[in-house]
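As structure tokens, the structure follows; a few thoughts come after it.
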Amino acid sequence: MNLLFRLMLQLFRSRFRPRQGLMEVASLRMRVLPTDLDINLHLTNSRYLALMDLGRIELMLRSGLFKEVLRRRWLPVVSIASIRFRRQINPFERFDLHTRVLGWDDKWFYMEQRFETAQGLAAIGIVKGLFRGPQGNVSTQELVALAGHAGELEKSTILEALDDFEQQLKTSSQTE
């Protein structure tokens with residue numbers, strides 16, 4: 001439930017933040033709340049993924065996509081979310097969540113999300129996702145054009161490796 005309050009606060013604060021380009025880093029400053037803790041008294045693993053949702057929303061808000069996505073009734077869909085934990089984030093500790101677009105292909109967006117504290121990098125995640133509308137999947141080019149970004153990005157080797165990883169997961173789940 002506290003993520004709902006964080007979302008409402010984020011929506012309010014976004015009105016006062018400057019607009020930015022799609023390829024710029026969107027940052028959110030947060031603090032670990034008691035409801036974010038697990039039995040080990042640090043930010044629980046599952047909360048990282050939920051907070052990453054807020055980071056992606058911040059990117060949409062700051063790039064001007066949020067209203068357009070809502071107006072068109074498009075929904076974000078995550079295919080892969082992979083996270084590497086480096087160090088724990090303790091109760092009441094402040095951290096910044098930095099979200100950036102790494103690239104896209106015809107169907108998918110690829111994003112990096114970093115959790116950073118005063119002590120440095122705490123976790124890093126990679127997310128692969130798309131937008132789905134009433135008529136089906138939305139092309140990345142349509143969304144990129146809505147954000148006012150001109151130009152193509154080539155898919156990097158790491159993004160191709162992420163696609164290979166997803167294919168391995170699909171293959172292994174079919175044989176089980």
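Within each chain, counting starts at residue 1; across the structure tokens, chains are named A, B, ... in the order shown, with ligands numbered 1 upward in that order.
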> Skipping near chain neighbours, those fewer than 2 positions away, what residues fall within 10 Å of A:Arg132 using only C-alpha atoms, listed as a PyMOL selection string?
Replying inline: chain A and resi 69+73-77+129-130+134-139
Just write the chosen residues, N, CA, C and O atoms, as a tab-separated table (two decimals), in the first residue's frame.
```
chain	number	residue	atom	x	y	z
A	69	VAL	N	0.62	8.19	-23.06
A	69	VAL	CA	0.41	6.75	-22.86
A	69	VAL	C	-0.97	6.51	-22.24
A	69	VAL	O	-1.71	5.63	-22.68
A	73	ARG	N	-4.41	4.73	-23.82
A	73	ARG	CA	-4.72	3.49	-23.08
A	73	ARG	C	-3.68	2.39	-23.35
A	73	ARG	O	-4.01	1.23	-23.49
A	74	TRP	N	-2.41	2.82	-23.41
A	74	TRP	CA	-1.32	1.88	-23.56
A	74	TRP	C	-0.86	1.45	-22.17
A	74	TRP	O	-0.85	2.26	-21.23
A	75	LEU	N	-0.47	0.22	-22.03
A	75	LEU	CA	0.02	-0.30	-20.76
A	75	LEU	C	1.45	-0.82	-20.91
A	75	LEU	O	1.75	-1.53	-21.87
A	76	PRO	N	2.33	-0.50	-19.96
A	76	PRO	CA	3.68	-1.06	-20.02
A	76	PRO	C	3.65	-2.53	-19.58
A	76	PRO	O	2.94	-2.89	-18.65
A	77	VAL	N	4.41	-3.35	-20.29
A	77	VAL	CA	4.51	-4.77	-19.98
A	77	VAL	C	5.99	-5.13	-19.89
A	77	VAL	O	6.76	-4.84	-20.81
A	129	GLY	N	11.04	-4.40	-21.87
A	129	GLY	CA	9.59	-4.25	-21.85
A	129	GLY	C	9.07	-3.62	-23.13
A	129	GLY	O	9.82	-3.18	-23.99
A	130	LEU	N	7.75	-3.59	-23.21
A	130	LEU	CA	7.07	-2.98	-24.34
A	130	LEU	C	5.80	-2.32	-23.84
A	130	LEU	O	5.47	-2.37	-22.66
A	134	PRO	N	-4.87	-1.09	-27.00
A	134	PRO	CA	-6.10	-1.81	-27.35
A	134	PRO	C	-5.97	-2.60	-28.66
A	134	PRO	O	-6.64	-3.61	-28.84
A	135	GLN	N	-5.10	-2.14	-29.56
A	135	GLN	CA	-4.92	-2.82	-30.85
A	135	GLN	C	-3.73	-3.77	-30.85
A	135	GLN	O	-3.37	-4.30	-31.90
A	136	GLY	N	-3.09	-3.98	-29.70
A	136	GLY	CA	-1.92	-4.87	-29.64
A	136	GLY	C	-0.67	-4.11	-29.25
A	136	GLY	O	-0.73	-3.01	-28.69
A	137	ASN	N	0.47	-4.71	-29.53
A	137	ASN	CA	1.75	-4.11	-29.17
A	137	ASN	C	1.97	-2.81	-29.93
A	137	ASN	O	1.64	-2.69	-31.11
A	138	VAL	N	2.55	-1.83	-29.23
A	138	VAL	CA	2.86	-0.52	-29.81
A	138	VAL	C	4.30	-0.55	-30.28
A	138	VAL	O	5.19	-0.98	-29.54
A	139	SER	N	4.55	-0.09	-31.50
A	139	SER	CA	5.93	-0.09	-32.00
A	139	SER	C	6.76	0.90	-31.19
A	139	SER	O	6.28	1.95	-30.77
```
>> Show me, as a ChimeraX atom specification, the residues that have an atom within 6 Å of stretch 114-128 of chain A when counting only C-alpha atoms, minus same-chain residues fewer than 3 positions from it.
In response: /A:78-87,95-98,109-111
Closest-contact table, stretch 28-60 of chain A side, partner stretch 10-15 of chain A, 9 Å, counting only C-alpha atoms, as a Markdown table:
```
| residue | atom | partner | partner_atom | distance |
| --- | --- | --- | --- | --- |
| A:Leu28 | CA | A:Gln10 | CA | 8.7 |
| A:Leu54 | CA | A:Gln10 | CA | 8.2 |
| A:Ile57 | CA | A:Gln10 | CA | 8.9 |
| A:Glu58 | CA | A:Gln10 | CA | 7.7 |
```
> Can you list, as JSON, numbers by chain, every residue of stretch 11-176 of chain A that DSSP puts in helix (DSSP H, G or I)?
Replying inline: {"A": [11, 12, 13, 14, 34, 35, 36, 45, 46, 47, 48, 49, 50, 51, 52, 53, 54, 55, 56, 57, 58, 59, 60, 61, 62, 63, 65, 66, 67, 68, 69, 70, 71, 140, 141, 142, 143, 144, 145, 146, 157, 158, 159, 160, 161, 162, 163, 164, 165, 166, 167, 168, 169, 170, 171, 172, 173, 174, 175]}
> Hey, what does DSSP flag as strand (DSSP E) within stretch 13-152 of chain A? Can you give it to me as a ChimeraX atom specification?
Replying inline: /A:26-31,75-85,94-104,109-117,120-133,136-138
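Distance check against A:Pro34 using only C-alpha atoms: of A:Leu61, A:Arg17, A:Leu3, A:Phe92, the minimum falls on A:Phe92.
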> So what do you get for atom CA of A:Ser46 versus atom CA of A:Gln113, distance-wise?
Replying inline: 14.7 Å
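A straight line drawn from atom CA of A:Leu7 to atom CA of A:Asp105 is 28.9 Å long.
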> From the list A:Ala26, A:Asn40, A:Phe131, A:Asn90, which residue is nearest A:Gly55 when using only C-alpha atoms?
Replying inline: A:Ala26
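Going from atom CA of A:Arg6 to atom CA of A:Met52 covers 12.3 Å.
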> For A:Asp106, which residue among A:Arg47, A:His149, A:Thr140, A:Ser63 is the nearest when counting only C-alpha atoms?
Replying inline: A:Thr140
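Counting only C-alpha atoms, the residue from A:Met60, A:Ile89, A:Met8, A:Val144 that sits nearest to A:Leu33 is A:Ile89.
You can rank A:Met23, A:Pro91, A:Ala147, A:Leu9 by their closest distance to A:Leu43 using only C-alpha atoms, and at the top of that list sits A:Pro91.
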